[in-house]
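Undergrad: Following this line is query-v8.cif, made up of mmCIF, C-alpha atoms:
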data_structure
loop_
_atom_site.label_atom_id
_atom_site.label_comp_id
_atom_site.auth_asym_id
_atom_site.auth_seq_id
_atom_site.Cartn_x
_atom_site.Cartn_y
_atom_site.Cartn_z
CA MET A 1 102.54 80.74 45.78
CA SER A 2 101.53 84.34 46.33
CA ASN A 3 102.13 86.22 49.54
CA SER A 4 98.56 87.41 49.99
CA GLY A 5 97.96 85.71 53.33
CA PRO A 6 97.31 82.06 54.05
CA ASP A 7 95.11 80.13 51.68
CA PRO A 8 91.87 79.24 53.54
CA GLU A 9 91.52 75.94 51.69
CA ARG A 10 94.97 74.74 52.69
CA LEU A 11 94.43 76.01 56.23
CA ARG A 12 91.33 73.88 56.60
CA GLU A 13 93.20 70.89 55.29
CA LEU A 14 95.96 71.46 57.80
CA GLY A 15 93.41 71.82 60.60
CA ALA A 16 91.78 68.54 59.63
CA ARG A 17 95.13 66.79 59.63
CA LEU A 18 96.06 68.27 62.99
CA ASP A 19 92.75 67.10 64.45
CA GLU A 20 93.48 63.64 63.15
CA ILE A 21 96.87 63.58 64.83
CA HIS A 22 95.44 64.83 68.11
CA GLY A 23 92.84 62.07 68.01
CA GLY A 24 89.83 64.15 67.06
CA GLY A 25 87.99 65.68 70.01
CA ARG A 26 90.30 66.77 72.75
CA LYS A 27 88.58 65.46 75.82
CA GLU A 28 91.06 65.83 78.59
CA ARG A 29 90.41 65.23 82.21
CA LEU A 30 91.44 67.81 84.78
CA PRO A 31 95.21 67.65 84.81
CA SER A 32 95.68 67.43 88.53
CA THR A 33 98.93 66.82 90.32
CA ALA A 34 99.19 65.15 93.69
CA THR A 35 100.73 68.22 95.33
CA GLY A 36 97.91 70.42 94.13
CA ILE A 37 95.33 68.04 95.57
CA VAL A 38 97.09 67.81 98.92
CA MET A 39 97.23 71.58 99.27
CA ARG A 40 93.60 71.94 98.28
CA LEU A 41 92.41 69.38 100.79
CA ALA A 42 94.53 70.69 103.65
CA THR A 43 93.28 74.27 103.45
CA GLU A 44 89.73 73.07 102.90
CA LEU A 45 89.91 71.24 106.21
CA VAL A 46 91.55 74.04 108.19
CA VAL A 47 89.45 76.93 106.98
CA GLY A 48 86.06 75.27 107.68
CA PRO A 49 86.02 75.58 111.48
CA PHE A 50 87.54 79.06 111.27
CA VAL A 51 84.84 80.46 109.05
CA GLY A 52 82.14 78.57 110.96
CA GLY A 53 83.40 79.94 114.26
CA ALA A 54 83.59 83.47 112.86
CA MET A 55 80.01 83.21 111.56
CA GLY A 56 78.85 81.90 114.93
CA PHE A 57 80.62 84.73 116.70
CA GLY A 58 78.89 87.22 114.42
CA LEU A 59 75.51 85.58 115.05
CA ASP A 60 76.15 85.69 118.80
CA TRP A 61 76.91 89.36 118.53
CA LEU A 62 73.73 89.86 116.52
CA THR A 63 71.51 88.05 119.02
CA GLY A 64 73.19 89.92 121.85
CA PHE A 65 72.42 93.11 119.99
CA PHE A 66 68.72 92.20 120.07
CA GLY A 67 68.89 91.37 123.75
CA ILE A 68 68.98 87.57 123.58
CA HIS A 69 72.00 86.18 125.36
CA THR A 70 73.31 83.21 123.43
CA LYS A 71 76.89 84.33 123.80
CA PRO A 72 79.05 81.22 123.51
CA VAL A 73 76.40 78.78 122.26
CA LEU A 74 76.17 79.79 118.62
CA THR A 75 79.93 80.20 118.30
CA ILE A 76 80.47 76.64 119.52
CA LEU A 77 77.65 75.26 117.39
CA MET A 78 78.83 77.01 114.23
CA PHE A 79 82.43 76.01 114.93
CA LEU A 80 81.37 72.37 114.96
CA LEU A 81 79.20 72.82 111.87
CA GLY A 82 82.15 74.51 110.16
CA ALA A 83 84.38 71.56 111.00
CA ALA A 84 81.73 69.24 109.58
CA ALA A 85 81.52 71.37 106.43
CA GLY A 86 85.30 71.18 106.09
CA VAL A 87 85.27 67.40 106.30
CA ARG A 88 82.38 67.27 103.85
CA ASN A 89 84.28 69.47 101.41
CA VAL A 90 87.28 67.17 101.60
CA MET A 91 85.11 64.07 101.14
CA ARG A 92 83.40 65.59 98.13
CA THR A 93 86.66 66.63 96.49
CA ALA A 94 88.13 63.19 97.09
CA GLN A 95 85.04 61.52 95.65
CA LYS A 96 85.18 63.70 92.57
CA LEU A 97 88.85 62.90 92.08
CA ASN A 98 88.15 59.20 92.54
CA ALA A 99 85.42 59.33 89.95
CA GLN A 100 87.83 61.10 87.60
CA GLY A 101 90.69 58.72 88.25
CA GLN A 102 88.73 55.62 87.37
CA PRO A 103 86.50 56.08 84.35
CA GLY A 104 84.68 52.83 85.14
CA ALA A 105 83.88 53.69 88.72
CA THR A 106 80.52 55.38 89.14
CA ASP A 107 79.69 57.51 92.08
CA ASP A 108 76.18 56.75 93.23
CA ARG A 109 76.13 58.99 96.22
CA GLU A 110 75.99 62.27 94.35
CA MET B 1 122.44 93.14 106.82
CA ALA B 2 120.57 91.02 109.29
CA ALA B 3 117.20 91.27 107.64
CA GLY B 4 114.48 89.30 109.38
CA PRO B 5 112.69 86.65 107.36
CA MET B 6 109.45 88.59 107.48
CA GLU B 7 110.94 91.89 106.38
CA GLN B 8 110.40 91.04 102.72
CA PHE B 9 106.63 91.22 103.22
CA GLU B 10 106.61 94.70 104.70
CA ILE B 11 104.57 97.23 102.81
CA ARG B 12 106.39 100.54 102.65
CA PRO B 13 105.33 103.80 101.03
CA LEU B 14 107.61 104.83 98.19
CA PHE B 15 108.66 108.39 97.36
CA GLY B 16 109.34 109.33 100.96
CA ASP B 17 106.29 109.82 103.11
CA HIS B 18 104.26 111.84 100.66
CA PRO B 19 100.77 110.46 100.22
CA LEU B 20 99.44 110.48 96.66
CA PHE B 21 96.12 111.90 97.78
CA SER B 22 93.75 111.38 100.63
CA ILE B 23 90.23 110.02 100.80
CA GLY B 24 88.19 111.37 103.68
CA GLY B 25 91.30 112.36 105.58
CA HIS B 26 92.90 108.96 105.12
CA PRO B 27 96.19 109.28 103.24
CA ILE B 28 96.70 106.99 100.24
CA PHE B 29 100.33 106.06 99.66
CA PHE B 30 102.02 104.64 96.61
CA THR B 31 103.57 101.54 98.17
CA ASN B 32 105.99 98.91 96.97
CA GLN B 33 103.00 96.61 96.65
CA ALA B 34 101.22 99.01 94.29
CA LEU B 35 104.43 99.34 92.28
CA TRP B 36 104.81 95.58 91.91
CA MET B 37 101.19 95.11 90.97
CA ILE B 38 101.72 97.63 88.20
CA ILE B 39 104.92 95.89 87.15
CA VAL B 40 103.18 92.50 87.03
CA THR B 41 100.19 93.82 85.10
CA GLY B 42 102.49 95.71 82.76
CA ALA B 43 104.70 92.69 82.16
CA VAL B 44 101.73 90.47 81.29
CA SER B 45 100.15 93.07 79.02
CA LEU B 46 103.44 93.84 77.28
CA PHE B 47 104.26 90.19 76.79
CA MET B 48 100.86 89.28 75.37
CA THR B 49 100.75 92.32 73.09
CA PHE B 50 104.31 91.85 71.91
CA ALA B 51 103.93 88.12 71.41
CA MET B 52 100.83 88.48 69.26
CA SER B 53 101.88 91.65 67.41
CA ARG B 54 103.52 89.78 64.52
CA ARG B 55 101.26 86.81 64.54
CA SER B 56 101.92 84.25 61.89
CA LEU B 57 100.59 80.83 60.99
CA VAL B 58 103.76 79.20 62.19
CA PRO B 59 104.33 80.84 65.57
CA ASN B 60 107.69 81.98 66.82
CA ARG B 61 108.75 81.32 70.40
CA ALA B 62 106.93 84.22 72.04
CA GLN B 63 103.76 83.56 70.10
CA SER B 64 103.82 79.88 71.01
CA MET B 65 104.08 80.80 74.67
CA ALA B 66 101.12 83.13 74.40
CA GLU B 67 99.12 80.52 72.50
CA LEU B 68 100.11 77.85 75.01
CA ALA B 69 98.83 80.01 77.86
CA TYR B 70 95.62 80.70 75.95
CA GLU B 71 94.99 77.02 75.18
CA PHE B 72 95.88 75.96 78.70
CA VAL B 73 93.31 78.29 80.25
CA ALA B 74 90.70 77.56 77.58
CA ASN B 75 91.08 73.81 78.18
CA MET B 76 90.90 74.32 81.92
CA ILE B 77 87.64 76.27 81.68
CA ASN B 78 86.21 73.77 79.22
CA THR B 79 86.84 70.78 81.47
CA ALA B 80 85.91 72.45 84.76
CA ALA B 81 82.98 74.66 83.75
CA GLY B 82 81.90 73.37 80.34
CA GLU B 83 81.23 75.20 77.06
CA GLU B 84 79.18 77.94 78.74
CA GLY B 85 82.05 78.70 81.08
CA LEU B 86 84.06 80.07 78.17
CA ARG B 87 82.06 83.29 78.56
CA PHE B 88 84.29 83.95 81.53
CA PHE B 89 87.50 83.29 79.65
CA PRO B 90 88.75 86.90 79.83
CA MET B 91 88.31 87.02 83.60
CA ILE B 92 89.88 83.63 84.32
CA PHE B 93 92.73 84.25 81.90
CA THR B 94 93.48 87.63 83.46
CA ILE B 95 93.41 86.22 86.98
CA PHE B 96 95.56 83.22 86.05
CA MET B 97 98.17 85.30 84.25
CA PHE B 98 98.25 87.89 87.03
CA VAL B 99 98.64 85.33 89.82
CA ALA B 100 101.16 83.20 87.93
CA THR B 101 103.30 86.18 86.93
CA ALA B 102 103.12 87.68 90.41
CA ASN B 103 104.19 84.35 91.92
CA PHE B 104 107.08 83.96 89.50
CA MET B 105 108.22 87.57 89.82
CA GLY B 106 108.16 87.22 93.57
CA LEU B 107 110.94 84.66 93.21
CA LEU B 108 113.28 87.23 91.66
CA PRO B 109 115.83 88.49 94.18
CA GLY B 110 114.88 91.85 95.63
CA SER B 111 111.34 91.73 94.35
CA PHE B 112 108.12 91.96 96.27
CA THR B 113 105.61 89.11 96.20
CA VAL B 114 102.23 90.69 95.63
CA THR B 115 100.35 87.43 96.20
CA SER B 116 101.85 87.00 99.67
CA GLN B 117 99.49 89.74 100.88
CA ILE B 118 96.07 88.50 101.89
CA CYS B 119 94.47 91.78 100.87
CA VAL B 120 95.43 91.07 97.24
CA THR B 121 94.33 87.42 97.21
CA LEU B 122 91.14 88.19 99.13
CA ALA B 123 90.27 90.98 96.70
CA LEU B 124 90.74 88.58 93.76
CA THR B 125 88.65 85.96 95.54
CA MET B 126 85.86 88.39 96.30
CA LEU B 127 85.74 89.30 92.63
CA ILE B 128 85.39 85.61 91.74
CA ILE B 129 82.76 84.83 94.38
CA LEU B 130 80.71 87.90 93.48
CA THR B 131 80.82 86.81 89.84
CA VAL B 132 79.70 83.33 90.90
CA ILE B 133 76.78 84.67 92.93
CA VAL B 134 75.66 87.12 90.23
CA THR B 135 75.99 84.48 87.50
CA GLY B 136 74.05 81.98 89.58
CA PHE B 137 71.16 84.32 90.23
CA VAL B 138 71.10 85.60 86.65
CA THR B 139 71.02 82.11 85.08
CA HIS B 140 68.78 80.36 87.61
CA GLY B 141 66.93 83.15 89.37
CA ILE B 142 65.95 82.22 92.90
CA GLY B 143 66.54 78.57 91.94
CA PHE B 144 70.23 79.20 92.50
CA LEU B 145 69.51 78.59 96.19
CA LYS B 146 69.05 74.92 95.29
CA LEU B 147 72.84 74.87 95.41
CA PHE B 148 72.45 74.58 99.17
CA VAL B 149 70.05 71.62 98.95
CA PRO B 150 72.00 68.42 98.28
CA LYS B 151 70.36 65.24 97.08
CA ALA B 152 69.67 63.51 100.36
CA PRO B 153 66.78 62.07 102.37
CA ILE B 154 64.46 64.85 103.50
CA TYR B 155 65.09 64.28 107.22
CA MET B 156 68.78 65.02 106.69
CA LEU B 157 68.16 68.40 105.09
CA PRO B 158 67.93 70.47 108.33
CA VAL B 159 71.53 69.45 109.02
CA LEU B 160 72.86 69.43 105.47
CA VAL B 161 71.52 72.79 104.30
CA PRO B 162 73.39 74.83 106.96
CA LEU B 163 76.42 72.66 106.26
CA GLU B 164 76.28 73.42 102.55
CA PHE B 165 75.78 77.09 103.30
CA ILE B 166 78.82 77.21 105.58
CA SER B 167 80.88 75.29 103.06
CA PHE B 168 79.91 77.86 100.43
CA CYS B 169 80.95 80.63 102.82
CA THR B 170 84.33 79.00 103.43
CA ARG B 171 85.19 79.20 99.74
CA PRO B 172 86.42 82.78 99.59
CA MET B 173 88.46 82.16 102.72
CA SER B 174 90.03 78.89 101.62
CA LEU B 175 90.75 80.20 98.12
CA SER B 176 92.53 83.32 99.34
CA VAL B 177 94.25 81.77 102.36
CA ARG B 178 95.65 78.92 100.26
CA LEU B 179 97.40 81.20 97.79
CA PHE B 180 98.64 83.72 100.32
CA ALA B 181 99.79 81.13 102.87
CA ASN B 182 101.72 79.15 100.27
CA MET B 183 103.58 82.17 99.00
CA LEU B 184 104.23 83.50 102.50
CA ALA B 185 105.48 80.14 103.79
CA GLY B 186 107.74 79.47 100.81
CA HIS B 187 109.42 82.86 100.88
CA THR B 188 109.86 82.81 104.64
CA MET B 189 111.42 79.35 104.44
CA LEU B 190 113.90 80.51 101.79
CA LYS B 191 114.83 83.54 103.87
CA VAL B 192 115.31 81.53 107.05
CA MET B 193 117.58 79.05 105.28
CA ALA B 194 119.55 81.88 103.72
CA GLY B 195 120.05 83.15 107.25
CA PHE B 196 121.61 79.79 108.16
CA VAL B 197 124.09 80.14 105.32
CA VAL B 198 125.20 83.55 106.55
CA ALA B 199 125.38 82.50 110.19
CA LEU B 200 127.42 79.38 109.44
CA GLY B 201 129.67 81.20 106.95
CA ALA B 202 130.44 83.84 109.56
CA MET B 203 131.93 81.10 111.72
CA ALA B 204 134.99 81.30 109.45
CA VAL B 205 136.33 84.30 111.36
CA THR B 206 135.71 82.80 114.79
CA SER B 207 137.58 80.11 116.70
CA LYS B 208 135.24 77.48 115.22
CA ALA B 209 136.35 77.99 111.64
CA TRP B 210 135.81 74.33 110.83
CA MET B 211 132.07 74.98 110.89
CA ALA B 212 132.13 77.39 107.96
CA PRO B 213 131.99 74.74 105.19
CA LEU B 214 128.82 73.42 106.80
CA SER B 215 127.05 76.42 105.30
CA LEU B 216 127.06 74.53 102.01
CA ALA B 217 124.32 72.26 103.35
CA PRO B 218 121.62 74.95 103.75
CA MET B 219 122.89 76.44 100.50
CA ALA B 220 122.13 73.19 98.67
CA LEU B 221 118.76 73.09 100.39
CA ILE B 222 117.97 76.60 99.15
CA VAL B 223 118.63 75.50 95.60
CA ALA B 224 116.29 72.56 96.03
CA VAL B 225 113.59 74.62 97.72
CA THR B 226 113.81 77.28 95.02
CA GLY B 227 113.00 74.57 92.52
CA LEU B 228 110.06 73.54 94.66
CA GLU B 229 108.96 77.16 94.92
CA ILE B 230 108.89 77.49 91.14
CA LEU B 231 106.59 74.48 91.05
CA VAL B 232 104.44 75.93 93.84
CA ALA B 233 104.27 79.30 92.09
CA PHE B 234 102.74 77.71 89.03
CA LEU B 235 100.67 75.18 90.93
CA GLN B 236 99.02 77.76 93.14
CA ALA B 237 98.12 79.94 90.19
CA TYR B 238 96.68 76.85 88.52
CA VAL B 239 94.73 75.75 91.60
CA PHE B 240 93.42 79.28 92.09
CA ALA B 241 92.21 79.50 88.51
CA ILE B 242 90.74 76.00 88.35
CA LEU B 243 88.79 76.45 91.56
CA ALA B 244 87.40 79.69 90.17
CA CYS B 245 86.33 77.66 87.11
CA ILE B 246 84.77 74.93 89.25
CA TYR B 247 82.79 77.46 91.29
CA LEU B 248 81.63 79.20 88.12
CA GLY B 249 80.71 75.84 86.64
CA GLU B 250 78.61 75.05 89.70
CA ALA B 251 76.85 78.38 89.41
CA ILE B 252 76.08 77.70 85.73
CA HIS B 253 75.07 74.03 85.97
CA LEU B 254 73.97 73.75 89.63
CA HIS B 255 74.01 70.05 90.51
CA ASP B 256 73.62 68.38 87.16
CA ASN B 257 77.30 68.00 86.28
CA HIS B 258 78.44 66.00 89.24
#
Rewrite the structure from the file as structure tokens, please.
TA:
Amino acid sequence: MSNSGPDPERLRELGARLDEIHGGGRKERLPSTATGIVMRLATELVVGPFVGGAMGFGLDWLTGFFGIHTKPVLTILMFLLGAAAGVRNVMRTAQKLNAQGQPGATDDRE
Amino acid sequence: MAAGPMEQFEIRPLFGDHPLFSIGGHPIFFTNQALWMIIVTGAVSLFMTFAMSRRSLVPNRAQSMAELAYEFVANMINTAAGEEGLRFFPMIFTIFMFVATANFMGLLPGSFTVTSQICVTLALTMLIILTVIVTGFVTHGIGFLKLFVPKAPIYMLPVLVPLEFISFCTRPMSLSVRLFANMLAGHTMLKVMAGFVVALGAMAVTSKAWMAPLSLAPMALIVAVTGLEILVAFLQAYVFAILACIYLGEAIHLHDNH
């Protein structure tokens, strides 16, 4: 055994054996913990109306700038749309996680 | 020292009040935040360089840690964004290591938690979202806008398209607020409970000395919460990185992967 670096032939052999032990292709699902999911969903829900409201406020300012007075209307509308977007985000994440959790279950809505 | 629970998040200029330089009359200070960002970046770079400097076939402890981190992130990108997502490995790896190390270092006594500042998390998020948008338009051209058109009956689209657009716009906000709020809340909670320990312990010198041993209760709670905070520190870095991967994956594959 010489010290001139690892022997490529033996390396390949070792790799093949390692693959065998690991069960060939490593197809792992997203390792997700319950806490991580809860935090994700909670912020998703809270931030939606905030961003929607902020966008509506900006649009109101913009229309006011051009002389059309829509002042509270767009803010309210976008706030509600933002809330809806938040709920939709949560639903989508939950659906994705459901589909992941049960390999047999198919998701026909998306 | 009756330090308020929020005092740990204060950004102070170091080296007295001398600004480093000024841009357009606005003084730029070297703050404790800048210092800790440099420390975090330096620690990650040093560790990775040192760990891989004497790389061998059979890794030693440091090398295994570096390889573990590499494989963890590579797996994460592979599952969340697919093969093509591995192009972004350097970016995701850097962000993950930075956020994770900053979170962990923030738990050291006397340190400053860089990720508890929304300007830091928002800057990271803007980098990610800009990458997503640029990648989307480069790979799909104007077809990237199909991201906002979900598969639904045509009469639902006038409602769903604005909804999708808003939900896309909430991403930078939710990504940055999640990380910053978690770090801020955890550290504040620890500080408040530490305040209880001091307040109850100080009862020993008053007429209600019997109350002093009660300070052991918040003390025990601090130990437990510190454990939780270590979990949160890792979890938030993980969530931050995996969401970046998911967004990138969406930009690369549009709708076809889910």
Undergrad: Report, in Å to a single decimal, how far apart CA of Phe180 (chain B) and CA of Glu7 (chain B) are.
TA: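 Separating CA of Glu7 (chain B) from CA of Phe180 (chain B) is a distance of 16.0 Å.
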Undergrad: Kindly determine which residues of chain A lie within 6 Å of chain B, considering only C-alpha atoms, and give the answer as an mmCIF file with C-alpha atoms, in the frame of the given file.
TA:
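Saved to part.cif:
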data_model
loop_
_atom_site.group_PDB
_atom_site.id
_atom_site.type_symbol
_atom_site.label_atom_id
_atom_site.label_comp_id
_atom_site.auth_asym_id
_atom_site.auth_seq_id
_atom_site.Cartn_x
_atom_site.Cartn_y
_atom_site.Cartn_z
ATOM 1 C CA THR A 43 93.280 74.270 103.450
ATOM 2 C CA GLU A 44 89.730 73.070 102.900
ATOM 3 C CA VAL A 47 89.450 76.930 106.980
ATOM 4 C CA GLY A 48 86.060 75.270 107.680
ATOM 5 C CA VAL A 51 84.840 80.460 109.050
ATOM 6 C CA ALA A 85 81.520 71.370 106.430
#
Undergrad: So that I can see what lies close to region 53-65 of chain A, please list as a list of chain:residue names the residues with an atom at most 9 Å from it, counting only C-alpha atoms and leaving out residues fewer than 5 positions away in the same chain.
TA: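 Within the cut-off, the hits are A:Gly48, A:Thr70, A:Lys71, A:Pro72, A:Val73, A:Leu74, A:Thr75, A:Ile76, A:Leu77, A:Met78, A:Phe79, A:Leu80, A:Leu81, A:Gly82, B:Ile166.
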Undergrad: Carefully work through the PyMOL selection byres ((chain B and resi 196) around 10) for this structure and note down the residues it includes, as a list in words.
TA: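 So the PyMOL selection byres ((chain B and resi 196) around 10), applied here, picks out Lys191, Val192, Met193, Ala194, Gly195, Val197, Val198, Ala199, Leu200, Gly201, Ala202, Leu214, Ser215, Leu216, Ala217, Pro218 and Met219 of chain B.
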Undergrad: So which one's closest to Val38 (chain A), A:Val90, A:Pro8, A:Gly15, A:Gly52? Using all atoms listed in the file, please.
TA: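 For Val38 (chain A), the nearest of the candidates is A:Val90.
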Undergrad: Just the number, please: distance in Å from CA of Ile246 (chain B) to CA of Arg92 (chain A), one decimal.
TA: 13.0 Å
Undergrad: Could you state the separation of CA of Leu254 (chain B) and CA of Arg88 (chain A) in Å, given to one decimal place?
TA: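 According to the coordinates, CA of Leu254 (chain B) and CA of Arg88 (chain A) are separated by 17.7 Å.
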Undergrad: For a quick check of understanding, using only C-alpha atoms, which of B:Gly82, B:Gly4, B:Gly106, B:Pro59 has the smallest distance to Val40 (chain B)?
TA: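 Closest candidate: B:Gly106.
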Undergrad: Taking the file as shown, what set of residues would the PyMOL selection byres ((chain B and resi 112) around 10) give back, as an mmCIF file with C-alpha atoms, in the frame of the given file?
TA:
data_model
loop_
_atom_site.group_PDB
_atom_site.id
_atom_site.type_symbol
_atom_site.label_atom_id
_atom_site.label_comp_id
_atom_site.auth_asym_id
_atom_site.auth_seq_id
_atom_site.Cartn_x
_atom_site.Cartn_y
_atom_site.Cartn_z
ATOM 1 C CA GLN B 8 110.400 91.040 102.720
ATOM 2 C CA PHE B 9 106.630 91.220 103.220
ATOM 3 C CA GLU B 10 106.610 94.700 104.700
ATOM 4 C CA ILE B 11 104.570 97.230 102.810
ATOM 5 C CA ASN B 32 105.990 98.910 96.970
ATOM 6 C CA GLN B 33 103.000 96.610 96.650
ATOM 7 C CA LEU B 35 104.430 99.340 92.280
ATOM 8 C CA TRP B 36 104.810 95.580 91.910
ATOM 9 C CA MET B 37 101.190 95.110 90.970
ATOM 10 C CA ALA B 102 103.120 87.680 90.410
ATOM 11 C CA ASN B 103 104.190 84.350 91.920
ATOM 12 C CA MET B 105 108.220 87.570 89.820
ATOM 13 C CA GLY B 106 108.160 87.220 93.570
ATOM 14 C CA LEU B 107 110.940 84.660 93.210
ATOM 15 C CA LEU B 108 113.280 87.230 91.660
ATOM 16 C CA PRO B 109 115.830 88.490 94.180
ATOM 17 C CA GLY B 110 114.880 91.850 95.630
ATOM 18 C CA SER B 111 111.340 91.730 94.350
ATOM 19 C CA THR B 113 105.610 89.110 96.200
ATOM 20 C CA VAL B 114 102.230 90.690 95.630
ATOM 21 C CA THR B 115 100.350 87.430 96.200
ATOM 22 C CA SER B 116 101.850 87.000 99.670
#
Undergrad: For Ala62 (chain B), which residue out of B:Leu86, B:Ala241, B:Leu46, B:Val120 is the nearest one, using all atoms listed in the file?
TA: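 Ranking B:Leu86, B:Ala241, B:Leu46, B:Val120 by distance to Ala62 (chain B), first place goes to B:Leu46.
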Undergrad: When you look at Ile92 (chain B) with a cut-off of 8 Å (counting all atoms listed in the file), what residues show up, excluding the ones that are within fewer than 4 positions of it in the same chain? I need them as a PyMOL selection string.
TA: chain B and resi 73+88+96+241+244-245
Undergrad: Output C-alpha atoms for every residue in the selection just made, as a JSON list (two decimals), in the coordinates of the input.
TA:
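Output saved as out.json:
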[["chain", "number", "residue", "atom", "x", "y", "z"],
["B", 73, "VAL", "CA", 93.31, 78.29, 80.25],
["B", 88, "PHE", "CA", 84.29, 83.95, 81.53],
["B", 96, "PHE", "CA", 95.56, 83.22, 86.05],
["B", 241, "ALA", "CA", 92.21, 79.50, 88.51],
["B", 244, "ALA", "CA", 87.40, 79.69, 90.17],
["B", 245, "CYS", "CA", 86.33, 77.66, 87.11]]
Undergrad: Name the residues that the PyMOL selection byres ((chain A and resi 91) around 12) picks from the file above, as a list of chain:residue names, using the file's chain letters and numbers.
TA: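 For this structure, the PyMOL selection byres ((chain A and resi 91) around 12) captures A:Arg40, A:Leu41, A:Ala42, A:Glu44, A:Leu45, A:Ala84, A:Ala85, A:Gly86, A:Val87, A:Arg88, A:Asn89, A:Val90, A:Arg92, A:Thr93, A:Ala94, A:Gln95, A:Lys96, A:Leu97, A:Asn98, A:Arg109, A:Glu110.
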Undergrad: Using only C-alpha atoms, can you tell me which of B:Leu248, B:Ile95, B:Ala204, B:Val149 comes closest to Val44 (chain B)?
TA: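 Of B:Leu248, B:Ile95, B:Ala204, B:Val149, the one nearest Val44 (chain B), counting only C-alpha atoms, is B:Ile95.
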